[in-house]
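Below is one structure, written out as structure tokens; comments come after it.
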Amino acid sequence: MKTPEELEKLSLLLDDEDDNVAINVIAALLDRQDELGDLPARLQESSNELVRKRAHQLQAAITFRKRRQEFAALLEAENPDFYTGLVLLHMLWFDRDSQVNVQSDLEKFIAENCRMPLVSLDDARAFMCRMGFAAELESTIHPENYCIGTILYQRSGAASLLMGLLKNLMTEPEKFHIVRFCGEFALYDGKNTILLGQGDWRVCRISCVDDLEYFSCRDILECAGNMLFSSAVNTDSFRYVLTIAQALSGARDDSILKECPYPYRAD
């Protein structure tokens, strides 16, 4: 374990003109992230422009890692905060966006548009129609459908996430269940009625509930994370393959890629 003095000395190398040296220094500092204290903040105030630039890179790496760890922790929780999960999902894909802005947009949407209580599935249907939301089929081709900032802007998103959002917007969310019916995500009232998103949001009565597949909010967040991971694989985005795999698993290094096939695995 390096002492604070040793970390200070190591950080002095951030002014090296060789980018490879700086990258290795940043990596070494990240290995001691929990011991850095206010060092990154102080480095960002340096009079040396090169040090400031690399200190910002260090801070960004710390921020990205923290988000991944927070998402992994959510998946470990029995009842994770779904809204927090939605924001973190967005930041896993659009990692250069402002997390504060995404969270603010979600909070503003909830505050401005949920003044009328959503008690029944008919209320939920009317709300989604009034807001102009379109539920899309699950797909790895459009990762933005799992990113709440884009969903709120475009008024369309993956049906699974929209059902999770609706459940949490209901006045008594514990009475409603996210389910999959005939391959389509829906919201179920626990009796014999479901809300389907495809088309123009239909409330339907069902005669048999034995074939319903139930999903918790945690399940929805994990499924969405896996869809983003698959999107990264489809587009050969190595950095996102690694970072999203870390977010799903909680791993801090690239050891998680040992479970992946070539070309992501080193051997």
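By order in the structure tokens, chains are A, B, ...; within a chain, residues start at 1; ligands start at 1, following the order shown.
When DSSP reads the backbone of this structure, the residues of segment 145-211 of chain A it assigns to alpha helix (DSSP H) are Ile148, Gly149, Thr150, Ile151, Leu152, Tyr153, Gln154, Ala159, Ser160, Leu161, Leu162, Met163, Gly164, Leu165, Leu166, Lys167, Asn168 and Leu169 of chain A.
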Exercise for the section: Please provide as a count of residues only all residues within 7 Å of Asp15 of chain A, with the sequence filter that same-chain residues fewer than 3 positions apart are discarded (counting only C-alpha atoms). Expected result: 3
At most 8 Å is the cut-off: for each residue in segment 80-143 of chain A with any atom that close to an atom of segment 182-199 of chain A, write down the nearest atom pair and the distance in Å rounded to one decimal, counting only C-alpha atoms, chain first then increasing number, as JSON lines.
```
{"residue": "A:Ser120", "atom": "CA", "partner": "A:Asp189", "partner_atom": "CA", "distance": 7.9}
{"residue": "A:Leu121", "atom": "CA", "partner": "A:Leu195", "partner_atom": "CA", "distance": 6.3}
{"residue": "A:Arg125", "atom": "CA", "partner": "A:Leu195", "partner_atom": "CA", "distance": 7.1}
{"residue": "A:Ala134", "atom": "CA", "partner": "A:Gly197", "partner_atom": "CA", "distance": 7.2}
{"residue": "A:Ala135", "atom": "CA", "partner": "A:Gly197", "partner_atom": "CA", "distance": 5.2}
{"residue": "A:Glu136", "atom": "CA", "partner": "A:Gln198", "partner_atom": "CA", "distance": 7.1}
{"residue": "A:Leu137", "atom": "CA", "partner": "A:Glu184", "partner_atom": "CA", "distance": 7.8}
```
Write out the residues from the selection above, keeping all heavy atoms, as a PDB file, in the first residue's frame.
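Written out: again.pdb:
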```
ATOM      1  N   SER A 120     -55.719   2.954 -11.250  1.00  0.00           N
ATOM      2  CA  SER A 120     -56.089   1.758 -12.001  1.00  0.00           C
ATOM      3  C   SER A 120     -55.291   1.668 -13.293  1.00  0.00           C
ATOM      4  O   SER A 120     -54.609   2.615 -13.703  1.00  0.00           O
ATOM      5  CB  SER A 120     -57.584   1.799 -12.332  1.00  0.00           C
ATOM      6  OG  SER A 120     -57.844   2.851 -13.258  1.00  0.00           O
ATOM      7  N   LEU A 121     -55.421   0.517 -13.963  1.00  0.00           N
ATOM      8  CA  LEU A 121     -54.777   0.362 -15.259  1.00  0.00           C
ATOM      9  C   LEU A 121     -55.367   1.306 -16.291  1.00  0.00           C
ATOM     10  O   LEU A 121     -54.662   1.752 -17.210  1.00  0.00           O
ATOM     11  CB  LEU A 121     -54.897  -1.091 -15.736  1.00  0.00           C
ATOM     12  CG  LEU A 121     -54.095  -2.139 -14.953  1.00  0.00           C
ATOM     13  CD1 LEU A 121     -54.275  -3.525 -15.565  1.00  0.00           C
ATOM     14  CD2 LEU A 121     -52.618  -1.770 -14.894  1.00  0.00           C
ATOM     15  N   ARG A 125     -53.198   3.732 -18.542  1.00  0.00           N
ATOM     16  CA  ARG A 125     -53.329   3.813 -20.003  1.00  0.00           C
ATOM     17  C   ARG A 125     -53.571   5.248 -20.440  1.00  0.00           C
ATOM     18  O   ARG A 125     -52.925   5.751 -21.379  1.00  0.00           O
ATOM     19  CB  ARG A 125     -54.480   2.925 -20.486  1.00  0.00           C
ATOM     20  CG  ARG A 125     -54.702   3.024 -21.992  1.00  0.00           C
ATOM     21  CD  ARG A 125     -55.991   2.335 -22.443  1.00  0.00           C
ATOM     22  NE  ARG A 125     -56.160   2.496 -23.880  1.00  0.00           N
ATOM     23  CZ  ARG A 125     -56.657   3.591 -24.468  1.00  0.00           C
ATOM     24  NH1 ARG A 125     -57.034   4.622 -23.719  1.00  0.00           N
ATOM     25  NH2 ARG A 125     -56.774   3.654 -25.784  1.00  0.00           N
ATOM     26  N   ALA A 134     -44.649   5.706 -26.613  1.00  0.00           N
ATOM     27  CA  ALA A 134     -44.742   4.511 -27.448  1.00  0.00           C
ATOM     28  C   ALA A 134     -43.847   3.438 -26.838  1.00  0.00           C
ATOM     29  O   ALA A 134     -42.681   3.695 -26.526  1.00  0.00           O
ATOM     30  CB  ALA A 134     -44.302   4.814 -28.873  1.00  0.00           C
ATOM     31  N   ALA A 135     -44.417   2.240 -26.663  1.00  0.00           N
ATOM     32  CA  ALA A 135     -43.654   1.113 -26.115  1.00  0.00           C
ATOM     33  C   ALA A 135     -43.038   0.320 -27.259  1.00  0.00           C
ATOM     34  O   ALA A 135     -43.750  -0.156 -28.144  1.00  0.00           O
ATOM     35  CB  ALA A 135     -44.571   0.223 -25.274  1.00  0.00           C
ATOM     36  N   GLU A 136     -41.724   0.193 -27.239  1.00  0.00           N
ATOM     37  CA  GLU A 136     -41.017  -0.509 -28.296  1.00  0.00           C
ATOM     38  C   GLU A 136     -40.680  -1.939 -27.872  1.00  0.00           C
ATOM     39  O   GLU A 136     -40.542  -2.234 -26.690  1.00  0.00           O
ATOM     40  CB  GLU A 136     -39.713   0.231 -28.639  1.00  0.00           C
ATOM     41  CG  GLU A 136     -39.895   1.704 -28.980  1.00  0.00           C
ATOM     42  CD  GLU A 136     -40.625   1.917 -30.287  1.00  0.00           C
ATOM     43  OE1 GLU A 136     -40.706   0.955 -31.078  1.00  0.00           O
ATOM     44  OE2 GLU A 136     -41.098   3.046 -30.529  1.00  0.00           O
ATOM     45  N   LEU A 137     -40.555  -2.818 -28.862  1.00  0.00           N
ATOM     46  CA  LEU A 137     -40.143  -4.182 -28.588  1.00  0.00           C
ATOM     47  C   LEU A 137     -38.717  -4.206 -28.060  1.00  0.00           C
ATOM     48  O   LEU A 137     -37.902  -3.335 -28.369  1.00  0.00           O
ATOM     49  CB  LEU A 137     -40.237  -5.026 -29.864  1.00  0.00           C
ATOM     50  CG  LEU A 137     -41.639  -5.265 -30.424  1.00  0.00           C
ATOM     51  CD1 LEU A 137     -41.540  -5.979 -31.771  1.00  0.00           C
ATOM     52  CD2 LEU A 137     -42.480  -6.083 -29.455  1.00  0.00           C
TER      53      LEU A 137
END
```
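In this structure, atom CA of Gln103 of chain A sits 21.1 Å away from atom CA of Phe127 of chain A.
Atom CA of Leu58 of chain A sits 19.9 Å away from atom CA of Leu88 of chain A.
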